[in-house]
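Asker: This one is final_1.cif, mmCIF, C-alpha atoms.
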```
data_query
loop_
_atom_site.group_PDB
_atom_site.id
_atom_site.type_symbol
_atom_site.label_atom_id
_atom_site.label_comp_id
_atom_site.auth_asym_id
_atom_site.auth_seq_id
_atom_site.Cartn_x
_atom_site.Cartn_y
_atom_site.Cartn_z
ATOM 1 C CA MET A 1 41.674 -12.866 12.279
ATOM 2 C CA THR A 2 38.369 -11.098 12.941
ATOM 3 C CA VAL A 3 38.660 -7.692 14.608
ATOM 4 C CA LEU A 4 35.633 -7.210 16.854
ATOM 5 C CA LEU A 5 36.523 -3.897 18.469
ATOM 6 C CA GLU A 6 38.179 -0.952 16.734
ATOM 7 C CA VAL A 7 39.185 2.320 18.363
ATOM 8 C CA ASP A 8 40.067 4.869 15.679
ATOM 9 C CA SER A 9 41.835 8.162 16.507
ATOM 10 C CA VAL A 10 39.962 8.643 19.795
ATOM 11 C CA SER A 11 40.666 11.757 21.843
ATOM 12 C CA VAL A 12 39.083 12.952 25.082
ATOM 13 C CA ARG A 13 39.523 16.461 26.434
ATOM 14 C CA PHE A 14 38.383 17.757 29.802
ATOM 15 C CA GLY A 15 38.748 21.506 29.380
ATOM 16 C CA GLY A 16 42.456 22.042 28.764
ATOM 17 C CA LEU A 17 43.392 18.508 29.827
ATOM 18 C CA VAL A 18 43.903 15.933 27.093
ATOM 19 C CA ALA A 19 43.153 12.605 28.803
ATOM 20 C CA VAL A 20 43.297 10.506 25.625
ATOM 21 C CA ASN A 21 45.149 11.717 22.558
ATOM 22 C CA GLU A 22 44.453 10.212 19.109
ATOM 23 C CA VAL A 23 44.506 6.598 20.300
ATOM 24 C CA ALA A 24 43.901 3.765 17.841
ATOM 25 C CA LEU A 25 43.812 0.057 18.650
ATOM 26 C CA ASP A 26 42.178 -3.175 17.503
ATOM 27 C CA VAL A 27 40.900 -6.051 19.640
ATOM 28 C CA PRO A 28 40.491 -9.275 17.637
ATOM 29 C CA ALA A 29 38.293 -12.237 18.461
ATOM 30 C CA GLY A 30 40.118 -15.136 20.039
ATOM 31 C CA HIS A 31 42.900 -12.997 21.522
ATOM 32 C CA VAL A 32 43.772 -11.292 24.793
ATOM 33 C CA THR A 33 44.898 -7.740 24.064
ATOM 34 C CA GLY A 34 46.708 -5.789 26.759
ATOM 35 C CA LEU A 35 46.441 -2.086 27.556
ATOM 36 C CA ILE A 36 49.048 -0.923 30.041
ATOM 37 C CA GLY A 37 50.554 2.335 31.236
ATOM 38 C CA PRO A 38 51.393 4.290 34.380
ATOM 39 C CA ASN A 39 48.628 5.628 36.631
ATOM 40 C CA GLY A 40 46.818 8.494 34.937
ATOM 41 C CA ALA A 41 47.768 7.337 31.445
ATOM 42 C CA GLY A 42 44.145 7.355 30.245
ATOM 43 C CA LYS A 43 43.349 3.639 30.302
ATOM 44 C CA THR A 44 40.082 3.816 32.258
ATOM 45 C CA THR A 45 38.986 6.894 30.299
ATOM 46 C CA LEU A 46 39.457 4.903 27.100
ATOM 47 C CA PHE A 47 37.402 2.048 28.600
ATOM 48 C CA ASN A 48 34.665 4.563 29.381
ATOM 49 C CA VAL A 49 34.671 5.734 25.766
ATOM 50 C CA ILE A 50 34.448 2.172 24.466
ATOM 51 C CA THR A 51 31.558 1.278 26.772
ATOM 52 C CA GLY A 52 29.600 4.495 26.226
ATOM 53 C CA LEU A 53 30.121 6.130 29.611
ATOM 54 C CA GLN A 54 32.253 8.927 28.166
ATOM 55 C CA PRO A 55 31.715 10.520 24.751
ATOM 56 C CA PRO A 56 34.932 11.086 22.831
ATOM 57 C CA THR A 57 35.914 14.591 21.804
ATOM 58 C CA HIS A 58 37.065 13.087 18.537
ATOM 59 C CA GLY A 59 37.304 9.645 16.954
ATOM 60 C CA THR A 60 35.290 6.519 16.302
ATOM 61 C CA VAL A 61 34.509 3.238 18.073
ATOM 62 C CA ARG A 62 33.386 0.253 16.003
ATOM 63 C CA LEU A 63 31.966 -3.089 17.103
ATOM 64 C CA ASP A 64 32.250 -5.834 14.499
ATOM 65 C CA GLY A 65 32.537 -3.187 11.779
ATOM 66 C CA THR A 66 29.586 -1.056 12.949
ATOM 67 C CA ASP A 67 30.114 2.513 14.154
ATOM 68 C CA ILE A 68 28.813 2.581 17.744
ATOM 69 C CA THR A 69 30.318 5.927 18.772
ATOM 70 C CA LYS A 70 26.930 7.502 19.441
ATOM 71 C CA TRP A 71 25.250 4.430 20.938
ATOM 72 C CA SER A 72 24.192 4.396 24.577
ATOM 73 C CA ALA A 73 26.004 2.236 27.103
ATOM 74 C CA ALA A 74 22.934 -0.006 27.383
ATOM 75 C CA ARG A 75 22.773 -0.581 23.637
ATOM 76 C CA ARG A 76 26.478 -1.459 23.560
ATOM 77 C CA ALA A 77 25.972 -3.962 26.371
ATOM 78 C CA ARG A 78 23.046 -5.558 24.558
ATOM 79 C CA SER A 79 25.205 -5.764 21.433
ATOM 80 C CA GLY A 80 27.980 -7.657 23.180
ATOM 81 C CA ILE A 81 30.330 -5.345 25.118
ATOM 82 C CA ALA A 82 30.833 -6.122 28.815
ATOM 83 C CA ARG A 83 33.270 -4.720 31.348
ATOM 84 C CA THR A 84 34.520 -4.772 34.901
ATOM 85 C CA PHE A 85 35.623 -1.684 36.814
ATOM 86 C CA GLN A 86 38.832 -0.551 38.475
ATOM 87 C CA ARG A 87 36.815 0.285 41.573
ATOM 88 C CA LEU A 88 34.646 -2.614 42.658
ATOM 89 C CA GLU A 89 31.056 -2.272 41.485
ATOM 90 C CA VAL A 90 29.425 -5.380 42.972
ATOM 91 C CA PHE A 91 25.926 -5.159 44.430
ATOM 92 C CA GLY A 92 27.048 -5.397 48.038
ATOM 93 C CA SER A 93 23.658 -6.210 49.574
ATOM 94 C CA LEU A 94 23.121 -9.152 47.208
ATOM 95 C CA SER A 95 24.724 -12.559 47.401
ATOM 96 C CA VAL A 96 27.460 -13.551 44.975
ATOM 97 C CA ARG A 97 24.953 -15.764 43.174
ATOM 98 C CA HIS A 98 22.373 -12.996 42.839
ATOM 99 C CA ASN A 99 24.979 -10.549 41.523
ATOM 100 C CA VAL A 100 25.538 -12.847 38.576
ATOM 101 C CA LEU A 101 21.887 -13.886 38.326
ATOM 102 C CA THR A 102 20.834 -10.257 37.856
ATOM 103 C CA ALA A 103 22.983 -9.981 34.733
ATOM 104 C CA ALA A 104 21.965 -13.424 33.460
ATOM 105 C CA GLU A 105 18.271 -12.581 33.741
ATOM 106 C CA LEU A 106 18.762 -9.248 31.970
ATOM 107 C CA HIS A 107 20.574 -11.016 29.154
ATOM 108 C CA ARG A 108 17.857 -13.661 28.931
ATOM 109 C CA GLY A 109 15.264 -10.908 28.637
ATOM 110 C CA PHE A 110 16.807 -8.983 25.754
ATOM 111 C CA SER A 111 18.393 -11.915 23.917
ATOM 112 C CA LYS A 112 15.509 -14.401 24.179
ATOM 113 C CA ASP A 113 18.031 -16.970 25.391
ATOM 114 C CA ALA A 114 16.036 -20.078 26.320
ATOM 115 C CA ARG A 115 18.553 -21.373 28.875
ATOM 116 C CA PRO A 116 17.440 -21.043 32.510
ATOM 117 C CA ALA A 117 19.373 -18.168 34.074
ATOM 118 C CA ALA A 118 20.079 -20.191 37.221
ATOM 119 C CA SER A 119 21.972 -22.884 35.314
ATOM 120 C CA VAL A 120 24.021 -20.221 33.512
ATOM 121 C CA VAL A 121 24.947 -18.706 36.869
ATOM 122 C CA ASP A 122 26.060 -22.045 38.313
ATOM 123 C CA GLU A 123 28.335 -22.618 35.320
ATOM 124 C CA LEU A 124 29.858 -19.156 35.563
ATOM 125 C CA LEU A 125 30.498 -19.323 39.301
ATOM 126 C CA GLU A 126 32.334 -22.585 38.746
ATOM 127 C CA ARG A 127 34.193 -21.235 35.738
ATOM 128 C CA VAL A 128 35.677 -18.285 37.637
ATOM 129 C CA GLY A 129 36.221 -20.331 40.796
ATOM 130 C CA VAL A 130 33.863 -18.712 43.324
ATOM 131 C CA THR A 131 31.230 -21.416 43.817
ATOM 132 C CA ALA A 132 32.195 -21.720 47.487
ATOM 133 C CA TYR A 133 31.101 -18.102 48.021
ATOM 134 C CA ALA A 134 27.808 -18.370 46.108
ATOM 135 C CA ASP A 135 25.564 -17.619 49.081
ATOM 136 C CA ALA A 136 27.811 -15.040 50.763
ATOM 137 C CA ALA A 137 26.999 -11.341 50.607
ATOM 138 C CA ALA A 138 29.095 -9.733 47.903
ATOM 139 C CA ASP A 139 30.336 -7.023 50.256
ATOM 140 C CA ALA A 140 31.597 -9.645 52.718
ATOM 141 C CA VAL A 141 33.894 -11.648 50.443
ATOM 142 C CA PRO A 142 37.630 -10.964 49.953
ATOM 143 C CA THR A 143 38.529 -8.334 47.369
ATOM 144 C CA GLY A 144 39.995 -10.910 44.996
ATOM 145 C CA VAL A 145 36.783 -12.937 45.097
ATOM 146 C CA ALA A 146 34.701 -9.806 44.462
ATOM 147 C CA ARG A 147 36.836 -9.136 41.375
ATOM 148 C CA LEU A 148 36.015 -12.596 40.079
ATOM 149 C CA VAL A 149 32.327 -12.033 40.809
ATOM 150 C CA GLU A 150 32.495 -8.973 38.558
ATOM 151 C CA VAL A 151 34.058 -11.101 35.826
ATOM 152 C CA ALA A 152 31.324 -13.727 36.152
ATOM 153 C CA ARG A 153 28.653 -11.025 36.045
ATOM 154 C CA ALA A 154 30.197 -9.566 32.884
ATOM 155 C CA LEU A 155 30.315 -13.019 31.291
ATOM 156 C CA ALA A 156 26.629 -13.538 32.084
ATOM 157 C CA ILE A 157 25.652 -11.370 29.110
ATOM 158 C CA ARG A 158 27.733 -13.625 26.835
ATOM 159 C CA PRO A 159 29.860 -10.774 25.485
ATOM 160 C CA LYS A 160 31.659 -10.655 22.182
ATOM 161 C CA VAL A 161 34.114 -8.188 23.719
ATOM 162 C CA LEU A 162 35.145 -8.311 27.383
ATOM 163 C CA LEU A 163 36.927 -5.324 28.938
ATOM 164 C CA LEU A 164 38.672 -6.023 32.228
ATOM 165 C CA ASP A 165 40.004 -3.148 34.358
ATOM 166 C CA GLU A 166 42.662 -4.433 36.781
ATOM 167 C CA PRO A 167 40.856 -7.735 37.443
ATOM 168 C CA SER A 168 43.739 -9.428 39.275
ATOM 169 C CA SER A 169 43.898 -6.812 42.047
ATOM 170 C CA GLY A 170 43.516 -8.655 45.336
ATOM 171 C CA LEU A 171 44.312 -12.106 43.921
ATOM 172 C CA SER A 172 47.073 -14.258 45.352
ATOM 173 C CA PRO A 173 49.858 -15.472 43.020
ATOM 174 C CA THR A 174 48.145 -18.865 42.713
ATOM 175 C CA GLU A 175 44.775 -17.251 42.018
ATOM 176 C CA THR A 176 46.405 -14.960 39.451
ATOM 177 C CA GLU A 177 47.895 -17.939 37.648
ATOM 178 C CA THR A 178 44.473 -19.613 37.552
ATOM 179 C CA PHE A 179 42.926 -16.369 36.345
ATOM 180 C CA GLY A 180 45.445 -16.184 33.532
ATOM 181 C CA ARG A 181 44.328 -19.607 32.337
ATOM 182 C CA LEU A 182 40.717 -18.413 32.444
ATOM 183 C CA LEU A 183 41.607 -15.475 30.190
ATOM 184 C CA ARG A 184 43.283 -17.773 27.690
ATOM 185 C CA ASP A 185 40.249 -20.108 27.777
ATOM 186 C CA LEU A 186 37.906 -17.183 27.138
ATOM 187 C CA ALA A 187 39.984 -16.121 24.166
ATOM 188 C CA ALA A 188 40.089 -19.677 22.859
ATOM 189 C CA SER A 189 36.276 -19.700 22.902
ATOM 190 C CA GLY A 190 36.254 -16.704 20.535
ATOM 191 C CA THR A 191 35.867 -13.821 22.981
ATOM 192 C CA ALA A 192 37.836 -10.646 22.306
ATOM 193 C CA VAL A 193 39.441 -9.646 25.629
ATOM 194 C CA LEU A 194 40.900 -6.200 26.346
ATOM 195 C CA LEU A 195 42.876 -6.248 29.579
ATOM 196 C CA VAL A 196 44.012 -3.261 31.659
ATOM 197 C CA GLU A 197 46.324 -4.595 34.320
ATOM 198 C CA HIS A 198 49.221 -3.427 36.509
ATOM 199 C CA ASP A 199 50.479 -6.978 37.019
ATOM 200 C CA VAL A 200 52.889 -6.827 34.104
ATOM 201 C CA ASP A 201 53.936 -10.446 34.529
ATOM 202 C CA LEU A 202 50.307 -11.529 33.985
ATOM 203 C CA VAL A 203 50.006 -9.239 30.965
ATOM 204 C CA MET A 204 53.191 -10.582 29.416
ATOM 205 C CA HIS A 205 52.064 -14.185 29.879
ATOM 206 C CA VAL A 206 48.469 -13.972 28.633
ATOM 207 C CA CYS A 207 48.386 -11.207 26.022
ATOM 208 C CA ASP A 208 48.953 -11.778 22.341
ATOM 209 C CA ARG A 209 49.497 -8.066 21.729
ATOM 210 C CA ILE A 210 49.989 -5.138 24.095
ATOM 211 C CA HIS A 211 49.305 -1.419 23.703
ATOM 212 C CA VAL A 212 51.012 1.095 25.978
ATOM 213 C CA LEU A 213 49.554 4.470 26.966
ATOM 214 C CA ASP A 214 51.473 7.317 28.566
ATOM 215 C CA PHE A 215 49.888 10.725 29.254
ATOM 216 C CA GLY A 216 47.014 9.765 26.965
ATOM 217 C CA ARG A 217 49.210 8.887 23.986
ATOM 218 C CA LEU A 218 49.854 5.468 22.524
ATOM 219 C CA ILE A 219 53.641 5.089 22.794
ATOM 220 C CA GLY A 220 54.016 1.444 21.868
ATOM 221 C CA ALA A 221 52.206 -1.582 20.486
ATOM 222 C CA GLY A 222 53.397 -5.078 19.744
ATOM 223 C CA LYS A 223 53.967 -8.573 21.031
ATOM 224 C CA PRO A 224 55.104 -8.972 24.653
ATOM 225 C CA ALA A 225 58.780 -9.398 23.748
ATOM 226 C CA GLU A 226 58.651 -6.268 21.590
ATOM 227 C CA ILE A 227 57.067 -4.256 24.377
ATOM 228 C CA ARG A 228 59.680 -5.363 26.903
ATOM 229 C CA ALA A 229 62.431 -4.198 24.542
ATOM 230 C CA ASP A 230 60.802 -0.890 23.515
ATOM 231 C CA PRO A 231 62.900 2.084 24.777
ATOM 232 C CA ALA A 232 59.856 4.388 24.948
ATOM 233 C CA VAL A 233 58.009 1.899 27.138
ATOM 234 C CA GLN A 234 61.040 1.444 29.345
ATOM 235 C CA ALA A 235 61.302 5.215 29.789
ATOM 236 C CA ALA A 236 57.605 5.548 30.675
ATOM 237 C CA TYR A 237 57.890 2.837 33.308
ATOM 238 C CA LEU A 238 61.318 3.777 34.626
ATOM 239 C CA GLY A 239 61.223 3.641 38.406
ATOM 240 C CA VAL A 240 57.705 2.172 38.376
ATOM 241 C CA ILE A 241 58.034 -1.360 37.022
ATOM 242 C CA PRO A 242 61.646 -2.591 37.178
ATOM 243 C CA GLU A 243 60.933 -5.600 34.949
ATOM 244 C CA LEU A 244 60.410 -3.231 32.026
ATOM 245 C CA ALA A 245 63.463 -1.157 32.821
ATOM 246 C CA SER A 246 65.845 -4.120 32.995
#
```
Translate the structure of the given file into structure tokens.

Answerer:
Amino acid sequence: MTVLLEVDSVSVRFGGLVAVNEVALDVPAGHVTGLIGPNGAGKTTLFNVITGLQPPTHGTVRLDGTDITKWSAARRARSGIARTFQRLEVFGSLSVRHNVLTAAELHRGFSKDARPAASVVDELLERVGVTAYADAAADAVPTGVARLVEVARALAIRPKVLLLDEPSSGLSPTETETFGRLLRDLAASGTAVLLVEHDVDLVMHVCDRIHVLDFGRLIGAGKPAEIRADPAVQAAYLGVIPELAS
């Protein structure tokens, strides 16, 4: 098992607030790794550290064994880290197709990929299931579709590591099931996927291993069955997600 992303003892402080406290986790190639926790647990802050948008107060981030803690966000993206955002970040004035094309052309420029960007875009739109919306303005499509557009745009840079921040928000149950299969297919192709998601049923079905944050601390890590049975996880979610408290 090849670990592509390593987070080692990462902490983030904002004045007297400790948003992330000595968190360590690994994200291996070919696996979907879950990161769950109540609102305010520090999940998005940790994503920001991994992608270079937030410097850690302490700790190290490694990509494929290389320390990238001081790299810029752009350099990390060029090296194979892509993400989506909890709050939608589509280019609203552009069509769905051009949202993805923008990323594909950027990747083609810095990677010297010889494939025409347009053909890459067509494949990705089909892969995530939004071909029917290709010519629609990105700010006019349903929220669930816009989430999938973000996923396609992230995939356009052919990432080694894909970070997804609540990607199923706005999807119907059927769309969520299809999305789960997409995640498993991405992992099967060798991508390392790190998934932040409040749909615990989706997390339990697609993740090989799950890490749980609460008030910035890692309180549990293991296979889905182990996480369901973990008393600390149950206590953190008590009154929030009944499935974990049952």

Asker: Might you spell out which residues the PyMOL selection byres ((chain A and resi 97-103) around 6) would select in the displayed file, as a PyMOL selection string?

Answerer: chain A and resi 94-96+104-106+121+134+153+156

Asker: For range 189-199 of chain A, please output as a PyMOL selection string all residues within 6 Å (counting all atoms listed in the file; exclusion window: fewer than 5 positions along the same chain).

Answerer: chain A and resi 28-36+160-166

Asker: Please produce a file of the residues just selected, as an mmCIF file, in the coordinates of the input, where the atoms kept are C-alpha atoms.

Answerer:
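Dumped everything to again21.cif:
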```cif
data_model
loop_
_atom_site.group_PDB
_atom_site.id
_atom_site.type_symbol
_atom_site.label_atom_id
_atom_site.label_comp_id
_atom_site.auth_asym_id
_atom_site.auth_seq_id
_atom_site.Cartn_x
_atom_site.Cartn_y
_atom_site.Cartn_z
ATOM 1 C CA PRO A 28 40.491 -9.275 17.637
ATOM 2 C CA ALA A 29 38.293 -12.237 18.461
ATOM 3 C CA GLY A 30 40.118 -15.136 20.039
ATOM 4 C CA HIS A 31 42.900 -12.997 21.522
ATOM 5 C CA VAL A 32 43.772 -11.292 24.793
ATOM 6 C CA THR A 33 44.898 -7.740 24.064
ATOM 7 C CA GLY A 34 46.708 -5.789 26.759
ATOM 8 C CA LEU A 35 46.441 -2.086 27.556
ATOM 9 C CA ILE A 36 49.048 -0.923 30.041
ATOM 10 C CA LYS A 160 31.659 -10.655 22.182
ATOM 11 C CA VAL A 161 34.114 -8.188 23.719
ATOM 12 C CA LEU A 162 35.145 -8.311 27.383
ATOM 13 C CA LEU A 163 36.927 -5.324 28.938
ATOM 14 C CA LEU A 164 38.672 -6.023 32.228
ATOM 15 C CA ASP A 165 40.004 -3.148 34.358
ATOM 16 C CA GLU A 166 42.662 -4.433 36.781
#
```

Asker: List the neighbours of Leu53 in chain A out to 12 Å using only C-alpha atoms; skip same-chain residues closer than 4 positions along the sequence, and give me the result as a compact mmCIF listing (two decimals) with C-alpha atoms, in the coordinates of the input.

Answerer:
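Listed below is the output, result_16.txt:
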```
# COMPACT_ATOMS: atom_id res chain seq x y z
CA THR A 44 40.08 3.82 32.26
CA THR A 45 38.99 6.89 30.30
CA LEU A 46 39.46 4.90 27.10
CA PHE A 47 37.40 2.05 28.60
CA ASN A 48 34.66 4.56 29.38
CA VAL A 49 34.67 5.73 25.77
CA THR A 69 30.32 5.93 18.77
CA LYS A 70 26.93 7.50 19.44
CA TRP A 71 25.25 4.43 20.94
CA SER A 72 24.19 4.40 24.58
CA ALA A 73 26.00 2.24 27.10
CA ALA A 74 22.93 -0.01 27.38
CA ARG A 75 22.77 -0.58 23.64
CA ARG A 76 26.48 -1.46 23.56
CA ALA A 77 25.97 -3.96 26.37
CA ARG A 83 33.27 -4.72 31.35
CA PHE A 85 35.62 -1.68 36.81
```

Asker: Any idea what the distance is between CA of Glu89 in chain A and CA of Arg147 in chain A?

Answerer: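 CA of Arg147 in chain A lies at a distance of 9.0 Å from CA of Glu89 in chain A.
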
Asker: Just want the 12 Å neighbourhood of range 221-227 of chain A, counted on only C-alpha atoms, with same-chain residues fewer than 6 positions away dropped. Output as number ranges by chain.

Answerer: A: 23-26, 31-37, 200-213, 233-237, 243-245

Asker: With C-alpha atoms kept, could you save the residues just selected as a PDB file, in the frame of the given file?

Answerer:
```pdb
ATOM      1  CA  VAL A  23      44.506   6.598  20.300  1.00  0.00           C
ATOM      2  CA  ALA A  24      43.901   3.765  17.841  1.00  0.00           C
ATOM      3  CA  LEU A  25      43.812   0.057  18.650  1.00  0.00           C
ATOM      4  CA  ASP A  26      42.178  -3.175  17.503  1.00  0.00           C
ATOM      5  CA  HIS A  31      42.900 -12.997  21.522  1.00  0.00           C
ATOM      6  CA  VAL A  32      43.772 -11.292  24.793  1.00  0.00           C
ATOM      7  CA  THR A  33      44.898  -7.740  24.064  1.00  0.00           C
ATOM      8  CA  GLY A  34      46.708  -5.789  26.759  1.00  0.00           C
ATOM      9  CA  LEU A  35      46.441  -2.086  27.556  1.00  0.00           C
ATOM     10  CA  ILE A  36      49.048  -0.923  30.041  1.00  0.00           C
ATOM     11  CA  GLY A  37      50.554   2.335  31.236  1.00  0.00           C
ATOM     12  CA  VAL A 200      52.889  -6.827  34.104  1.00  0.00           C
ATOM     13  CA  ASP A 201      53.936 -10.446  34.529  1.00  0.00           C
ATOM     14  CA  LEU A 202      50.307 -11.529  33.985  1.00  0.00           C
ATOM     15  CA  VAL A 203      50.006  -9.239  30.965  1.00  0.00           C
ATOM     16  CA  MET A 204      53.191 -10.582  29.416  1.00  0.00           C
ATOM     17  CA  HIS A 205      52.064 -14.185  29.879  1.00  0.00           C
ATOM     18  CA  VAL A 206      48.469 -13.972  28.633  1.00  0.00           C
ATOM     19  CA  CYS A 207      48.386 -11.207  26.022  1.00  0.00           C
ATOM     20  CA  ASP A 208      48.953 -11.778  22.341  1.00  0.00           C
ATOM     21  CA  ARG A 209      49.497  -8.066  21.729  1.00  0.00           C
ATOM     22  CA  ILE A 210      49.989  -5.138  24.095  1.00  0.00           C
ATOM     23  CA  HIS A 211      49.305  -1.419  23.703  1.00  0.00           C
ATOM     24  CA  VAL A 212      51.012   1.095  25.978  1.00  0.00           C
ATOM     25  CA  LEU A 213      49.554   4.470  26.966  1.00  0.00           C
ATOM     26  CA  VAL A 233      58.009   1.899  27.138  1.00  0.00           C
ATOM     27  CA  GLN A 234      61.040   1.444  29.345  1.00  0.00           C
ATOM     28  CA  ALA A 235      61.302   5.215  29.789  1.00  0.00           C
ATOM     29  CA  ALA A 236      57.605   5.548  30.675  1.00  0.00           C
ATOM     30  CA  TYR A 237      57.890   2.837  33.308  1.00  0.00           C
ATOM     31  CA  GLU A 243      60.933  -5.600  34.949  1.00  0.00           C
ATOM     32  CA  LEU A 244      60.410  -3.231  32.026  1.00  0.00           C
ATOM     33  CA  ALA A 245      63.463  -1.157  32.821  1.00  0.00           C
TER      34      ALA A 245
END
```

Asker: Any idea what the distance is between CA of Val7 in chain A and CA of Arg217 in chain A?

Answerer: 13.2 Å

Asker: Can you tell me how far CA of Gly80 in chain A sits from CA of Ile219 in chain A, in Å to one decimal?

Answerer: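 If I compute the distance from CA of Gly80 in chain A to CA of Ile219 in chain A, I get 28.7 Å.
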
Asker: Of the residues A:Gly92, A:Ala82, A:Tyr133, A:Glu123, which is the one nearest to Ala154 in chain A, using all atoms listed in the file?

Answerer: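 Among the listed residues, A:Ala82 lies closest to Ala154 in chain A.
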
Asker: I'd like the residues picked by the PyMOL selection byres ((chain A and resi 169) around 8) written out as a count of residues only, using the chain letters and numbers from the file.

Answerer: 8

Asker: Write out as a list in words each polymer residue whose atoms come within 6 Å of range 57-63 of chain A, counting all atoms listed in the file; drop sequence neighbours fewer than 4 positions from it.

Answerer: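 In the requested format, the answer is Leu4, Leu5, Glu6, Val7, Asp8, Ser9, Val10, Ser11, Val12, Asp67, Ile68 and Thr69 of chain A.
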
Asker: Decode the PyMOL selection byres ((chain A and resi 216) around 6) for the given file into explicit residues and return them as a PyMOL selection string.

Answerer: chain A and resi 19-21+41-42+213-215+217

Asker: Which one of A:Glu150, A:Asp230, A:Asp185, A:Glu177 sits closest to Leu88 in chain A if you count all atoms listed in the file?

Answerer: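 Checking each of A:Glu150, A:Asp230, A:Asp185, A:Glu177 against Leu88 in chain A, counting all atoms listed in the file, the winner is A:Glu150.
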
Asker: Nearest to Pro55 in chain A among A:Arg13, A:Lys43, A:His107, A:Arg127, with distances taken over all atoms listed in the file: which residue is it?

Answerer: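 Residue with the minimum atom-to-atom distance to Pro55 in chain A: A:Arg13.
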
Asker: Pick from A:Val130, A:Ile157, A:Leu218, A:Ala187: nearest to Glu175 in chain A, with only C-alpha atoms counted?

Answerer: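 Closest candidate: A:Val130.
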
Asker: Which residue, A:Thr174, A:Ala146, A:Leu182, A:Glu22, has the smallest gap to Thr84 in chain A when you use only C-alpha atoms?

Answerer: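 Selected residue with least distance to Thr84 in chain A: A:Ala146.
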
Asker: Pick out the closest residue to Ile81 in chain A from this set: A:Gly15, A:Gly220, A:Pro159, A:Gly109. Count only C-alpha atoms.

Answerer: A:Pro159

Asker: Mind dumping range 214-218 of chain A from that block, keeping all heavy atoms, as an mmCIF file, in the first residue's frame?

Answerer:
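Result file follows (result32.cif):
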```cif
data_model
loop_
_atom_site.group_PDB
_atom_site.id
_atom_site.type_symbol
_atom_site.label_atom_id
_atom_site.label_comp_id
_atom_site.auth_asym_id
_atom_site.auth_seq_id
_atom_site.Cartn_x
_atom_site.Cartn_y
_atom_site.Cartn_z
ATOM 1 N N ASP A 214 -12.909 15.876 16.518
ATOM 2 C CA ASP A 214 -13.839 16.543 17.420
ATOM 3 C C ASP A 214 -13.070 17.635 18.151
ATOM 4 O O ASP A 214 -12.045 17.361 18.794
ATOM 5 C CB ASP A 214 -14.432 15.543 18.418
ATOM 6 C CG ASP A 214 -15.537 16.169 19.252
ATOM 7 O OD1 ASP A 214 -16.267 17.024 18.716
ATOM 8 O OD2 ASP A 214 -15.684 15.796 20.436
ATOM 9 N N PHE A 215 -13.517 18.881 18.023
ATOM 10 C CA PHE A 215 -12.832 20.033 18.605
ATOM 11 C C PHE A 215 -11.345 20.041 18.237
ATOM 12 O O PHE A 215 -10.479 20.315 19.059
ATOM 13 C CB PHE A 215 -12.992 20.057 20.127
ATOM 14 C CG PHE A 215 -14.406 20.312 20.571
ATOM 15 C CD1 PHE A 215 -15.172 19.284 21.096
ATOM 16 C CD2 PHE A 215 -14.976 21.577 20.442
ATOM 17 C CE1 PHE A 215 -16.483 19.510 21.494
ATOM 18 C CE2 PHE A 215 -16.284 21.815 20.843
ATOM 19 C CZ PHE A 215 -17.037 20.777 21.362
ATOM 20 N N GLY A 216 -11.067 19.706 16.975
ATOM 21 C CA GLY A 216 -9.704 19.774 16.468
ATOM 22 C C GLY A 216 -8.832 18.580 16.775
ATOM 23 O O GLY A 216 -7.710 18.491 16.262
ATOM 24 N N ARG A 217 -9.313 17.656 17.596
ATOM 25 C CA ARG A 217 -8.522 16.482 17.965
ATOM 26 C C ARG A 217 -8.998 15.258 17.201
ATOM 27 O O ARG A 217 -10.195 15.096 16.941
ATOM 28 C CB ARG A 217 -8.654 16.172 19.460
ATOM 29 C CG ARG A 217 -7.963 17.117 20.402
ATOM 30 C CD ARG A 217 -8.021 16.575 21.830
ATOM 31 N NE ARG A 217 -9.386 16.195 22.218
ATOM 32 C CZ ARG A 217 -9.769 14.951 22.437
ATOM 33 N NH1 ARG A 217 -8.931 13.940 22.295
ATOM 34 N NH2 ARG A 217 -11.024 14.710 22.789
ATOM 35 N N LEU A 218 -8.063 14.380 16.883
ATOM 36 C CA LEU A 218 -8.415 13.098 16.298
ATOM 37 C C LEU A 218 -8.836 12.166 17.428
ATOM 38 O O LEU A 218 -8.031 11.818 18.299
ATOM 39 C CB LEU A 218 -7.209 12.519 15.551
ATOM 40 C CG LEU A 218 -7.464 11.308 14.652
ATOM 41 C CD1 LEU A 218 -8.385 11.681 13.499
ATOM 42 C CD2 LEU A 218 -6.141 10.766 14.132
#
```
